[in-house]
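Okay, work.pdb is below, PDB, C-alpha atoms:
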ATOM      1  CA  MET A  18     -26.565 -52.885  80.393  1.00  0.00           C
ATOM      2  CA  SER A  19     -24.224 -50.442  82.122  1.00  0.00           C
ATOM      3  CA  ALA A  20     -22.558 -51.143  85.435  1.00  0.00           C
ATOM      4  CA  ALA A  21     -24.637 -48.390  87.070  1.00  0.00           C
ATOM      5  CA  ALA A  22     -27.887 -50.107  86.063  1.00  0.00           C
ATOM      6  CA  SER A  23     -26.762 -53.677  86.727  1.00  0.00           C
ATOM      7  CA  PRO A  24     -28.888 -55.558  89.261  1.00  0.00           C
ATOM      8  CA  ARG A  25     -25.618 -56.735  90.883  1.00  0.00           C
ATOM      9  CA  THR A  26     -24.543 -53.184  91.660  1.00  0.00           C
ATOM     10  CA  PRO A  27     -24.812 -52.638  95.409  1.00  0.00           C
ATOM     11  CA  ILE A  28     -27.714 -50.446  96.465  1.00  0.00           C
ATOM     12  CA  LEU A  29     -25.326 -47.959  98.071  1.00  0.00           C
ATOM     13  CA  ILE A  30     -23.538 -47.404  94.749  1.00  0.00           C
ATOM     14  CA  ARG A  31     -26.880 -47.019  92.968  1.00  0.00           C
ATOM     15  CA  LEU A  32     -27.893 -44.504  95.624  1.00  0.00           C
ATOM     16  CA  LEU A  33     -24.604 -42.629  95.122  1.00  0.00           C
ATOM     17  CA  ASN A  34     -25.143 -42.572  91.357  1.00  0.00           C
ATOM     18  CA  LEU A  35     -28.689 -41.282  91.862  1.00  0.00           C
ATOM     19  CA  ALA A  36     -27.468 -38.562  94.249  1.00  0.00           C
ATOM     20  CA  GLU A  37     -24.794 -37.520  91.768  1.00  0.00           C
ATOM     21  CA  ARG A  38     -27.302 -37.334  88.888  1.00  0.00           C
ATOM     22  CA  PHE A  39     -29.706 -35.369  91.075  1.00  0.00           C
ATOM     23  CA  SER A  40     -26.895 -32.973  91.999  1.00  0.00           C
ATOM     24  CA  VAL A  41     -26.495 -32.146  88.309  1.00  0.00           C
ATOM     25  CA  VAL A  42     -30.199 -31.240  88.193  1.00  0.00           C
ATOM     26  CA  THR A  43     -29.932 -29.024  91.272  1.00  0.00           C
ATOM     27  CA  ALA A  44     -26.847 -27.322  89.822  1.00  0.00           C
ATOM     28  CA  PHE A  45     -28.790 -26.555  86.640  1.00  0.00           C
ATOM     29  CA  VAL A  46     -31.656 -25.180  88.744  1.00  0.00           C
ATOM     30  CA  GLY A  47     -29.191 -22.974  90.635  1.00  0.00           C
ATOM     31  CA  GLY A  48     -27.597 -21.839  87.383  1.00  0.00           C
ATOM     32  CA  GLY A  49     -31.028 -21.079  85.935  1.00  0.00           C
ATOM     33  CA  VAL A  50     -31.879 -18.977  88.982  1.00  0.00           C
ATOM     34  CA  LEU A  51     -28.636 -17.002  88.584  1.00  0.00           C
ATOM     35  CA  THR A  52     -29.305 -16.510  84.863  1.00  0.00           C
ATOM     36  CA  PHE A  53     -32.803 -15.246  85.638  1.00  0.00           C
ATOM     37  CA  LEU A  54     -31.313 -12.990  88.315  1.00  0.00           C
ATOM     38  CA  ALA A  55     -28.866 -11.459  85.836  1.00  0.00           C
ATOM     39  CA  PHE A  56     -31.713 -10.551  83.454  1.00  0.00           C
ATOM     40  CA  PHE A  57     -33.918  -9.365  86.310  1.00  0.00           C
ATOM     41  CA  ILE A  58     -31.242  -7.040  87.685  1.00  0.00           C
ATOM     42  CA  THR A  59     -30.475  -5.703  84.206  1.00  0.00           C
ATOM     43  CA  PHE A  60     -34.120  -4.863  83.485  1.00  0.00           C
ATOM     44  CA  ASP A  61     -34.644  -3.489  86.985  1.00  0.00           C
ATOM     45  CA  VAL A  62     -31.625  -1.172  86.724  1.00  0.00           C
ATOM     46  CA  LEU A  63     -32.597  -0.035  83.233  1.00  0.00           C
ATOM     47  CA  GLY A  64     -36.171   0.539  84.375  1.00  0.00           C
ATOM     48  CA  ARG A  65     -35.025   2.631  87.302  1.00  0.00           C
ATOM     49  CA  ARG A  66     -32.587   4.634  85.145  1.00  0.00           C
ATOM     50  CA  PHE A  67     -34.986   5.369  82.304  1.00  0.00           C
ATOM     51  CA  GLY A  68     -38.261   5.703  84.209  1.00  0.00           C
ATOM     52  CA  GLY A  69     -39.628   2.266  83.384  1.00  0.00           C
ATOM     53  CA  PRO A  70     -40.885  -0.421  85.758  1.00  0.00           C
ATOM     54  CA  TYR A  71     -38.772  -0.902  88.869  1.00  0.00           C
ATOM     55  CA  SER A  72     -39.315  -3.502  91.595  1.00  0.00           C
ATOM     56  CA  GLY A  73     -37.760  -1.596  94.473  1.00  0.00           C
ATOM     57  CA  ALA A  74     -36.473  -4.857  95.933  1.00  0.00           C
ATOM     58  CA  THR A  75     -33.576  -5.749  93.662  1.00  0.00           C
ATOM     59  CA  ASP A  76     -31.108  -6.331  96.474  1.00  0.00           C
ATOM     60  CA  GLU A  77     -33.522  -8.477  98.478  1.00  0.00           C
ATOM     61  CA  ILE A  78     -34.433 -10.651  95.504  1.00  0.00           C
ATOM     62  CA  ALA A  79     -30.748 -10.951  94.559  1.00  0.00           C
ATOM     63  CA  GLY A  80     -29.857 -12.061  98.078  1.00  0.00           C
ATOM     64  CA  TYR A  81     -32.547 -14.730  98.143  1.00  0.00           C
ATOM     65  CA  ALA A  82     -31.666 -15.960  94.650  1.00  0.00           C
ATOM     66  CA  MET A  83     -27.946 -16.140  95.345  1.00  0.00           C
ATOM     67  CA  CYS A  84     -28.462 -17.991  98.635  1.00  0.00           C
ATOM     68  CA  PHE A  85     -30.820 -20.460  96.947  1.00  0.00           C
ATOM     69  CA  ALA A  86     -28.530 -21.021  93.944  1.00  0.00           C
ATOM     70  CA  MET A  87     -25.426 -21.417  96.085  1.00  0.00           C
ATOM     71  CA  SER A  88     -26.917 -23.920  98.505  1.00  0.00           C
ATOM     72  CA  TRP A  89     -28.470 -26.005  95.732  1.00  0.00           C
ATOM     73  CA  ALA A  90     -25.204 -26.191  93.758  1.00  0.00           C
ATOM     74  CA  LEU A  91     -23.041 -27.385  96.660  1.00  0.00           C
ATOM     75  CA  SER A  92     -23.853 -31.060  96.149  1.00  0.00           C
ATOM     76  CA  TYR A  93     -22.703 -30.796  92.515  1.00  0.00           C
ATOM     77  CA  THR A  94     -19.362 -29.402  93.621  1.00  0.00           C
ATOM     78  CA  LEU A  95     -19.011 -32.527  95.742  1.00  0.00           C
ATOM     79  CA  THR A  96     -19.909 -34.683  92.733  1.00  0.00           C
ATOM     80  CA  VAL A  97     -17.100 -33.200  90.637  1.00  0.00           C
ATOM     81  CA  ASP A  98     -14.736 -32.986  93.640  1.00  0.00           C
ATOM     82  CA  LYS A  99     -14.328 -29.215  93.448  1.00  0.00           C
ATOM     83  CA  HIS A 100     -14.874 -28.324  97.095  1.00  0.00           C
ATOM     84  CA  VAL A 101     -12.125 -26.182  98.509  1.00  0.00           C
ATOM     85  CA  ARG A 102      -9.506 -27.991 100.492  1.00  0.00           C
ATOM     86  CA  VAL A 103      -6.071 -27.009 101.617  1.00  0.00           C
ATOM     87  CA  ASP A 104      -3.448 -29.030  99.779  1.00  0.00           C
ATOM     88  CA  LEU A 105      -0.550 -27.679 101.809  1.00  0.00           C
ATOM     89  CA  ILE A 106       0.633 -31.075 103.036  1.00  0.00           C
ATOM     90  CA  PHE A 107      -0.896 -33.310 100.342  1.00  0.00           C
ATOM     91  CA  GLY A 108       2.182 -33.240  98.136  1.00  0.00           C
ATOM     92  CA  SER A 109       4.523 -34.283 100.917  1.00  0.00           C
ATOM     93  CA  VAL A 110       2.658 -37.244 102.435  1.00  0.00           C
ATOM     94  CA  PRO A 111       2.268 -40.802 101.159  1.00  0.00           C
ATOM     95  CA  LEU A 112      -0.840 -41.869  99.237  1.00  0.00           C
ATOM     96  CA  VAL A 113      -2.207 -43.809 102.222  1.00  0.00           C
ATOM     97  CA  VAL A 114      -2.116 -40.671 104.362  1.00  0.00           C
ATOM     98  CA  ARG A 115      -3.770 -38.647 101.576  1.00  0.00           C
ATOM     99  CA  LYS A 116      -6.627 -41.138 101.408  1.00  0.00           C
ATOM    100  CA  MET A 117      -7.026 -41.004 105.174  1.00  0.00           C
ATOM    101  CA  LEU A 118      -7.051 -37.192 105.123  1.00  0.00           C
ATOM    102  CA  ASP A 119      -9.640 -37.232 102.325  1.00  0.00           C
ATOM    103  CA  ARG A 120     -11.880 -39.511 104.390  1.00  0.00           C
ATOM    104  CA  ILE A 121     -11.503 -37.298 107.452  1.00  0.00           C
ATOM    105  CA  ALA A 122     -12.343 -34.235 105.353  1.00  0.00           C
ATOM    106  CA  LEU A 123     -15.400 -35.968 103.889  1.00  0.00           C
ATOM    107  CA  PHE A 124     -16.570 -36.977 107.371  1.00  0.00           C
ATOM    108  CA  LEU A 125     -16.156 -33.391 108.570  1.00  0.00           C
ATOM    109  CA  LEU A 126     -18.151 -32.242 105.529  1.00  0.00           C
ATOM    110  CA  VAL A 127     -20.962 -34.614 106.533  1.00  0.00           C
ATOM    111  CA  VAL A 128     -20.978 -33.160 110.043  1.00  0.00           C
ATOM    112  CA  PHE A 129     -20.755 -29.528 108.897  1.00  0.00           C
ATOM    113  CA  ALA A 130     -23.391 -29.860 106.155  1.00  0.00           C
ATOM    114  CA  SER A 131     -25.705 -31.671 108.580  1.00  0.00           C
ATOM    115  CA  LEU A 132     -25.344 -28.864 111.105  1.00  0.00           C
ATOM    116  CA  LEU A 133     -26.084 -26.286 108.412  1.00  0.00           C
ATOM    117  CA  ALA A 134     -29.130 -28.234 107.233  1.00  0.00           C
ATOM    118  CA  VAL A 135     -30.572 -28.775 110.715  1.00  0.00           C
ATOM    119  CA  ASN A 136     -30.004 -25.186 111.829  1.00  0.00           C
ATOM    120  CA  SER A 137     -31.379 -23.774 108.559  1.00  0.00           C
ATOM    121  CA  TYR A 138     -34.450 -25.974 108.868  1.00  0.00           C
ATOM    122  CA  THR A 139     -34.929 -24.899 112.498  1.00  0.00           C
ATOM    123  CA  MET A 140     -34.603 -21.250 111.519  1.00  0.00           C
ATOM    124  CA  ALA A 141     -37.144 -21.688 108.706  1.00  0.00           C
ATOM    125  CA  MET A 142     -39.617 -23.435 111.000  1.00  0.00           C
ATOM    126  CA  GLU A 143     -39.287 -20.663 113.583  1.00  0.00           C
ATOM    127  CA  SER A 144     -39.881 -18.069 110.870  1.00  0.00           C
ATOM    128  CA  PHE A 145     -43.057 -19.882 109.821  1.00  0.00           C
ATOM    129  CA  GLU A 146     -44.158 -20.347 113.440  1.00  0.00           C
ATOM    130  CA  TYR A 147     -43.694 -16.692 114.353  1.00  0.00           C
ATOM    131  CA  ASN A 148     -45.087 -15.506 110.996  1.00  0.00           C
ATOM    132  CA  MET A 149     -41.931 -13.554 110.126  1.00  0.00           C
ATOM    133  CA  PHE A 150     -41.839 -11.442 106.961  1.00  0.00           C
ATOM    134  CA  SER A 151     -39.101  -9.456 105.273  1.00  0.00           C
ATOM    135  CA  THR A 152     -39.070  -5.754 106.126  1.00  0.00           C
ATOM    136  CA  SER A 153     -38.980  -4.673 102.486  1.00  0.00           C
ATOM    137  CA  THR A 154     -41.811  -3.840 100.127  1.00  0.00           C
ATOM    138  CA  LEU A 155     -42.078  -7.526  99.164  1.00  0.00           C
ATOM    139  CA  ARG A 156     -43.164  -8.661 102.630  1.00  0.00           C
ATOM    140  CA  LEU A 157     -42.005 -12.174 101.730  1.00  0.00           C
ATOM    141  CA  PRO A 158     -42.413 -14.845 104.429  1.00  0.00           C
ATOM    142  CA  LEU A 159     -38.811 -15.452 105.515  1.00  0.00           C
ATOM    143  CA  GLY A 160     -39.420 -19.159 105.970  1.00  0.00           C
ATOM    144  CA  ILE A 161     -39.639 -19.682 102.202  1.00  0.00           C
ATOM    145  CA  PRO A 162     -36.062 -18.710 101.263  1.00  0.00           C
ATOM    146  CA  GLN A 163     -34.781 -20.210 104.507  1.00  0.00           C
ATOM    147  CA  MET A 164     -36.457 -23.544 103.728  1.00  0.00           C
ATOM    148  CA  LEU A 165     -35.011 -23.539 100.185  1.00  0.00           C
ATOM    149  CA  MET A 166     -31.568 -22.959 101.695  1.00  0.00           C
ATOM    150  CA  ALA A 167     -32.131 -25.779 104.210  1.00  0.00           C
ATOM    151  CA  ILE A 168     -33.080 -28.150 101.377  1.00  0.00           C
ATOM    152  CA  GLY A 169     -29.830 -27.317  99.564  1.00  0.00           C
ATOM    153  CA  PHE A 170     -27.746 -27.951 102.678  1.00  0.00           C
ATOM    154  CA  GLY A 171     -29.713 -31.137 103.323  1.00  0.00           C
ATOM    155  CA  LEU A 172     -28.942 -32.387  99.815  1.00  0.00           C
ATOM    156  CA  LEU A 173     -25.254 -31.695 100.406  1.00  0.00           C
ATOM    157  CA  ALA A 174     -25.323 -33.519 103.755  1.00  0.00           C
ATOM    158  CA  LEU A 175     -27.115 -36.515 102.259  1.00  0.00           C
ATOM    159  CA  GLN A 176     -24.768 -36.786  99.305  1.00  0.00           C
ATOM    160  CA  ALA A 177     -21.699 -36.315 101.503  1.00  0.00           C
ATOM    161  CA  PHE A 178     -22.937 -39.086 103.818  1.00  0.00           C
ATOM    162  CA  VAL A 179     -23.607 -41.497 100.951  1.00  0.00           C
ATOM    163  CA  THR A 180     -20.231 -40.631  99.383  1.00  0.00           C
ATOM    164  CA  PHE A 181     -18.451 -41.146 102.704  1.00  0.00           C
ATOM    165  CA  ILE A 182     -20.025 -44.566 103.319  1.00  0.00           C
ATOM    166  CA  ALA A 183     -19.525 -45.650  99.695  1.00  0.00           C
ATOM    167  CA  GLY A 184     -15.893 -44.530  99.852  1.00  0.00           C
ATOM    168  CA  ILE A 185     -15.297 -46.701 102.895  1.00  0.00           C
ATOM    169  CA  LEU A 186     -17.185 -49.790 101.707  1.00  0.00           C
ATOM    170  CA  TYR A 187     -16.418 -49.508  97.965  1.00  0.00           C
ATOM    171  CA  PRO A 188     -13.313 -47.316  97.462  1.00  0.00           C
ATOM    172  CA  SER A 189     -13.166 -48.082  93.735  1.00  0.00           C
ATOM    173  CA  ALA A 190     -16.655 -46.613  93.275  1.00  0.00           C
ATOM    174  CA  LEU A 191     -15.310 -43.105  93.829  1.00  0.00           C
ATOM    175  CA  LYS A 192     -13.039 -43.327  90.784  1.00  0.00           C
ATOM    176  CA  ARG A 193     -16.021 -42.059  88.793  1.00  0.00           C
ATOM    177  CA  ALA A 194     -15.685 -38.731  90.621  1.00  0.00           C
ATOM    178  CA  THR A 195     -12.174 -38.403  89.249  1.00  0.00           C
ATOM    179  CA  ALA A 196     -13.489 -38.886  85.710  1.00  0.00           C
ATOM    180  CA  LEU A 197     -16.232 -36.314  86.326  1.00  0.00           C
ATOM    181  CA  GLU A 198     -13.675 -33.902  87.751  1.00  0.00           C
ATOM    182  CA  ARG A 199     -11.736 -34.019  84.493  1.00  0.00           C
ATOM    183  CA  LYS A 200     -14.922 -32.958  82.644  1.00  0.00           C
ATOM    184  CA  ALA A 201     -15.643 -30.087  85.048  1.00  0.00           C
ATOM    185  CA  PRO A 202     -14.609 -26.539  84.158  1.00  0.00           C
ATOM    186  CA  GLN A 203     -10.951 -25.697  84.644  1.00  0.00           C
ATOM    187  CA  GLN A 204     -10.002 -24.911  88.225  1.00  0.00           C
ATOM    188  CA  PHE A 205      -7.347 -22.280  88.788  1.00  0.00           C
ATOM    189  CA  ASP A 206      -5.265 -22.580  91.914  1.00  0.00           C
ATOM    190  CA  ILE A 207      -3.986 -19.389  93.473  1.00  0.00           C
TER
END
Now, as a test, write the supplied structure out as structure tokens.
Amino acid sequence: MSAAASPRTPILIRLLNLAERFSVVTAFVGGGVLTFLAFFITFDVLGRRFGGPYSGATDEIAGYAMCFAMSWALSYTLTVDKHVRVDLIFGSVPLVVRKMLDRIALFLLVVFASLLAVNSYTMAMESFEYNMFSTSTLRLPLGIPQMLMAIGFGLLALQAFVTFIAGILYPSALKRATALERKAPQQFDI
């Protein structure tokens, strides 16, 4: 039996593991949406160029798809520790200070992601309440893409909160993120 499935594993660590596994699923969903979008745009452009079928709403659909995919993949970037942070002073401060700065940054991420989630949800609910539709030929209810975006930000806020609390109560539990980061695609610093 693995440590993640052990009955002695604290519930917070099991919750963190569940959130991290779920973030992989949401990242795959976001990637699938972007893959579909690439094919959709290709066929739409070719259809328009050569007189075939054309949706007339390529840019609107692309905007919705990119917003959805981006917001749903944010929790995975937290799982593999690939969120952008400024490392300007990290190399010149002791390890204790680095850990403190990481915790402060994670707390600020919880606050920021929570604000994004709440405001996105509020915006979606107002769009549903006032029966708002897009002004394009699709006439899509705006609350649908806004709610999908709010769910993505909510997932990020939830995972950031669980990660923050787990990092304070069980600092060794976050070593798994370092191992996952090594498996993530290469990051190029500029």
(message) Between A:Leu95, A:Ala183, A:Ala122, A:Ala79, which residue has the minimum interatomic distance to Val50 of chain A, considering all atoms listed in the file?
(response)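 Once distances to Val50 of chain A are computed over all atoms listed in the file, the minimum belongs to A:Ala79.
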(message) Just to confirm, what's the straight-line distance from atom CA of Val62 of chain A to atom CA of Ser151 of chain A in Å (one decimal)?
(response)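 If I compute the distance from atom CA of Val62 of chain A to atom CA of Ser151 of chain A, I get 21.6 Å.
Across the model, the gap from atom CA of Leu35 of chain A to atom CA of Ser137 of chain A is 24.3 Å.
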(request) Rank nothing, just name the residue among A:Val101, A:Met149, A:Met164, A:Ile121 nearest to Ile182 of chain A, using all atoms listed in the file. (result) A:Ile121
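We find atom CA of Gly48 of chain A and atom CA of Leu165 of chain A to be spaced 14.9 Å apart.
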(message) From the options A:Ile30, A:Ile78, A:Leu125, A:Ala130, which residue's atoms come nearest to Leu54 of chain A, counting only C-alpha atoms?
(response) A:Ile78
(message) To test your reading of the syntax: which residues would the PyMOL selection byres ((chain A and resi 169) around 10) return for the file shown? Reply as a VMD selection string.
(response) chain A and resid 40 43 47 84 to 92 130 133 to 134 137 163 to 168 170 to 175
Restricting it to C-alpha atoms, dump the selection as a tab-separated table (two decimals), in the frame of the given file.
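Heads up, here's the output in result-v9.tsv:
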chain	number	residue	atom	x	y	z
A	40	SER	CA	-26.90	-32.97	92.00
A	43	THR	CA	-29.93	-29.02	91.27
A	47	GLY	CA	-29.19	-22.97	90.64
A	84	CYS	CA	-28.46	-17.99	98.64
A	85	PHE	CA	-30.82	-20.46	96.95
A	86	ALA	CA	-28.53	-21.02	93.94
A	87	MET	CA	-25.43	-21.42	96.08
A	88	SER	CA	-26.92	-23.92	98.50
A	89	TRP	CA	-28.47	-26.00	95.73
A	90	ALA	CA	-25.20	-26.19	93.76
A	91	LEU	CA	-23.04	-27.38	96.66
A	92	SER	CA	-23.85	-31.06	96.15
A	130	ALA	CA	-23.39	-29.86	106.16
A	133	LEU	CA	-26.08	-26.29	108.41
A	134	ALA	CA	-29.13	-28.23	107.23
A	137	SER	CA	-31.38	-23.77	108.56
A	163	GLN	CA	-34.78	-20.21	104.51
A	164	MET	CA	-36.46	-23.54	103.73
A	165	LEU	CA	-35.01	-23.54	100.18
A	166	MET	CA	-31.57	-22.96	101.70
A	167	ALA	CA	-32.13	-25.78	104.21
A	168	ILE	CA	-33.08	-28.15	101.38
A	170	PHE	CA	-27.75	-27.95	102.68
A	171	GLY	CA	-29.71	-31.14	103.32
A	172	LEU	CA	-28.94	-32.39	99.82
A	173	LEU	CA	-25.25	-31.70	100.41
A	174	ALA	CA	-25.32	-33.52	103.76
A	175	LEU	CA	-27.12	-36.52	102.26
(request) Measuring atom to atom with all atoms listed in the file, identify which of A:Asn34, A:Asp61, A:Val135, A:Ile28 is nearest to Ala74 of chain A. (result)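 Residue with the minimum atom-to-atom distance to Ala74 of chain A: A:Asp61.
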(request) Point out the residue among A:Val127, A:Tyr93, A:Arg25, A:Asp76 with the least atom-to-atom distance to Phe45 of chain A, counting all atoms listed in the file. (result)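 Comparing A:Val127, A:Tyr93, A:Arg25, A:Asp76 against Phe45 of chain A, the winner is A:Tyr93.
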(message) When you count only C-alpha atoms, which of these residues is closest to Val42 of chain A: A:Leu159, A:Ile185, A:Val114, A:Thr96?
(response)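 Closest to Val42 of chain A, using only C-alpha atoms: A:Thr96.
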Which protein, DNA or RNA residues have an atom at most 10 Å from (-20.8, -41.2, 98.2), counting all atoms listed in the file? List them as an mmCIF file with C-alpha atoms, keeping the file's coordinate frame.
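Written file, part06.cif:
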data_model
loop_
_atom_site.group_PDB
_atom_site.id
_atom_site.type_symbol
_atom_site.label_atom_id
_atom_site.label_comp_id
_atom_site.auth_asym_id
_atom_site.auth_seq_id
_atom_site.Cartn_x
_atom_site.Cartn_y
_atom_site.Cartn_z
ATOM 1 C CA LEU A 29 -25.326 -47.959 98.071
ATOM 2 C CA ILE A 30 -23.538 -47.404 94.749
ATOM 3 C CA ARG A 31 -26.880 -47.019 92.968
ATOM 4 C CA LEU A 32 -27.893 -44.504 95.624
ATOM 5 C CA LEU A 33 -24.604 -42.629 95.122
ATOM 6 C CA ASN A 34 -25.143 -42.572 91.357
ATOM 7 C CA ALA A 36 -27.468 -38.562 94.249
ATOM 8 C CA GLU A 37 -24.794 -37.520 91.768
ATOM 9 C CA LEU A 95 -19.011 -32.527 95.742
ATOM 10 C CA THR A 96 -19.909 -34.683 92.733
ATOM 11 C CA LEU A 123 -15.400 -35.968 103.889
ATOM 12 C CA LEU A 175 -27.115 -36.515 102.259
ATOM 13 C CA GLN A 176 -24.768 -36.786 99.305
ATOM 14 C CA ALA A 177 -21.699 -36.315 101.503
ATOM 15 C CA PHE A 178 -22.937 -39.086 103.818
ATOM 16 C CA VAL A 179 -23.607 -41.497 100.951
ATOM 17 C CA THR A 180 -20.231 -40.631 99.383
ATOM 18 C CA PHE A 181 -18.451 -41.146 102.704
ATOM 19 C CA ILE A 182 -20.025 -44.566 103.319
ATOM 20 C CA ALA A 183 -19.525 -45.650 99.695
ATOM 21 C CA GLY A 184 -15.893 -44.530 99.852
ATOM 22 C CA ILE A 185 -15.297 -46.701 102.895
ATOM 23 C CA LEU A 186 -17.185 -49.790 101.707
ATOM 24 C CA TYR A 187 -16.418 -49.508 97.965
ATOM 25 C CA PRO A 188 -13.313 -47.316 97.462
ATOM 26 C CA ALA A 190 -16.655 -46.613 93.275
ATOM 27 C CA LEU A 191 -15.310 -43.105 93.829
ATOM 28 C CA ALA A 194 -15.685 -38.731 90.621
#
(message) Which residues are close to Leu157 of chain A, i.e. within 12 Å by all atoms listed in the file, leaving aside same-chain residues fewer than 3 positions away? Reply as number ranges by chain.
(response) A: 74, 77-78, 81, 144-145, 148-154, 160-163
